[in-house]
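Inspection log for the structure reproduced underneath, given as structure tokens.
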Amino acid sequence: MSKYFSTVIFVFALQLCLGCSSQRVEQREQLYAEIGGHEGLENLVDAFVQRIVKDKVILPYFAKSSVKHFKQGFINHLCGLVNGPCKYNGDSMIDIHTGMNINEGDFNRVVELLIQAMEDVGIPYSSQNRILAKLAVFRAEIIKI
């Protein structure tokens, strides 16, 4: 009887562990799904670029940038950050922003433009906050004054 009981306990524990593991994967991938997957990321980045183009303070920071290259890189970067199927293999934030002399006010303005773009494409506020939290870790690598 105890051998049977041990087997039942082992199988039950295994099922619990497998359930926890699949739940973690679902939670990790949830943000990517909430923003509409790859199409949602493309829409977000398109809206963000449209906001940048209209902003006279921020646009000069992108004067030497290839719009196509920026879009692809930012989509890929965001995709990885929101636990989508992408891995960002581009330059580091330090490499990208070195020499741009981005100040705190302009950094904050870009964040505002991103928030407005997220609102433009209908990303829920809770998802916006999670995206911003994932991007916030790069702040110190971007502001260099």
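Chain labels follow the order of the structure tokens: the first chain is A, the next B, and so on; residue numbering restarts at 1 in every chain, and ligands are counted from 1 in their shown order.
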Near Asn89 in chain A, within 9 Å and counting only C-alpha atoms, which residues show up once chain neighbours fewer than 5 positions away are dropped, as a CSV table (one decimal) with N, CA and C atoms, in the first residue's frame?
```
chain,number,residue,atom,x,y,z
A,73,GLY,N,14.7,47.1,-36.0
A,73,GLY,CA,15.4,46.9,-34.8
A,73,GLY,C,14.6,47.0,-33.6
A,76,ASN,N,12.1,44.1,-33.2
A,76,ASN,CA,12.8,42.9,-32.8
A,76,ASN,C,13.1,43.1,-31.3
A,77,HIS,N,13.6,44.2,-30.9
A,77,HIS,CA,13.9,44.5,-29.5
A,77,HIS,C,12.7,44.3,-28.6
```
(message) Taking 3 positions as the minimum chain separation for residues in the same chain, which residues sit within 12 Å of range 50-64 of chain A when counting only C-alpha atoms? Answer as JSON, numbers by chain.
(response) {"A": [43, 44, 45, 46, 47, 67, 68, 69, 70, 71, 96, 97, 98, 99, 100, 101, 102, 103, 105, 106, 107, 108, 109, 110, 111, 112, 113, 114, 115, 116, 117, 118, 119, 120]}
(message) Can you pull out the residues contacting Leu31 in chain A? Cut-off 7 Å, using only C-alpha atoms, and skip same-chain residues under 3 positions away; I want them as a list in words.
(response)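 Counting only the stated atoms, we get Arg28, Glu34, Ile35, Val82 and Ser127 of chain A.
Across A:Gln72, A:Ser66, A:Ile123, A:Gly90, the tightest approach to Gly37 in chain A is made by A:Ile123 when counting only C-alpha atoms.
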(request) Considering only C-alpha atoms, return as number ranges by chain whatever protein or nucleic-acid residues lie within 9 Å of Leu78 in chain A, sequence-local ones (same chain, fewer than 5 positions apart) excluded. (result) A: 41, 73, 83-84, 86, 88, 131, 135
Would you put the residues from that selection into a file with N, CA, C and O atoms, as an mmCIF file, in the first residue's frame?
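Wrote it out as selection-v3.cif, contents follow:
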```
data_model
loop_
_atom_site.group_PDB
_atom_site.id
_atom_site.type_symbol
_atom_site.label_atom_id
_atom_site.label_comp_id
_atom_site.auth_asym_id
_atom_site.auth_seq_id
_atom_site.Cartn_x
_atom_site.Cartn_y
_atom_site.Cartn_z
ATOM 1 N N LEU A 41 3.065 44.658 -32.603
ATOM 2 C CA LEU A 41 4.347 45.358 -32.471
ATOM 3 C C LEU A 41 4.607 46.251 -33.677
ATOM 4 O O LEU A 41 5.067 47.382 -33.530
ATOM 5 N N GLY A 73 14.708 47.056 -36.030
ATOM 6 C CA GLY A 73 15.433 46.852 -34.784
ATOM 7 C C GLY A 73 14.563 47.016 -33.560
ATOM 8 O O GLY A 73 14.634 46.219 -32.612
ATOM 9 N N ASN A 83 8.525 39.007 -24.394
ATOM 10 C CA ASN A 83 8.537 37.547 -24.401
ATOM 11 C C ASN A 83 7.915 36.935 -25.645
ATOM 12 O O ASN A 83 7.315 35.866 -25.598
ATOM 13 N N GLY A 84 8.074 37.636 -26.755
ATOM 14 C CA GLY A 84 7.670 37.071 -28.035
ATOM 15 C C GLY A 84 8.748 36.105 -28.519
ATOM 16 O O GLY A 84 9.739 35.861 -27.825
ATOM 17 N N CYS A 86 11.078 36.417 -30.623
ATOM 18 C CA CYS A 86 12.272 37.045 -31.209
ATOM 19 C C CYS A 86 13.407 37.142 -30.192
ATOM 20 O O CYS A 86 13.180 37.226 -28.997
ATOM 21 N N TYR A 88 16.698 39.689 -29.711
ATOM 22 C CA TYR A 88 17.351 40.897 -30.204
ATOM 23 C C TYR A 88 18.842 40.653 -30.287
ATOM 24 O O TYR A 88 19.486 40.311 -29.302
ATOM 25 N N ILE A 131 5.294 47.028 -20.315
ATOM 26 C CA ILE A 131 6.259 47.331 -21.381
ATOM 27 C C ILE A 131 7.235 48.405 -20.908
ATOM 28 O O ILE A 131 8.448 48.279 -21.072
ATOM 29 N N LEU A 135 11.383 48.427 -20.449
ATOM 30 C CA LEU A 135 12.251 49.383 -21.136
ATOM 31 C C LEU A 135 13.025 50.272 -20.163
ATOM 32 O O LEU A 135 14.102 50.762 -20.497
#
```
(request) Work out how far CA of His38 in chain A is from CA of Ala133 in chain A, in Å to one decimal. (result) 19.7 Å
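The closest residue to Pro124 in chain A, picked from A:Lys87, A:Gly36, A:Ala140, A:Val49 and counting only C-alpha atoms, is A:Gly36.
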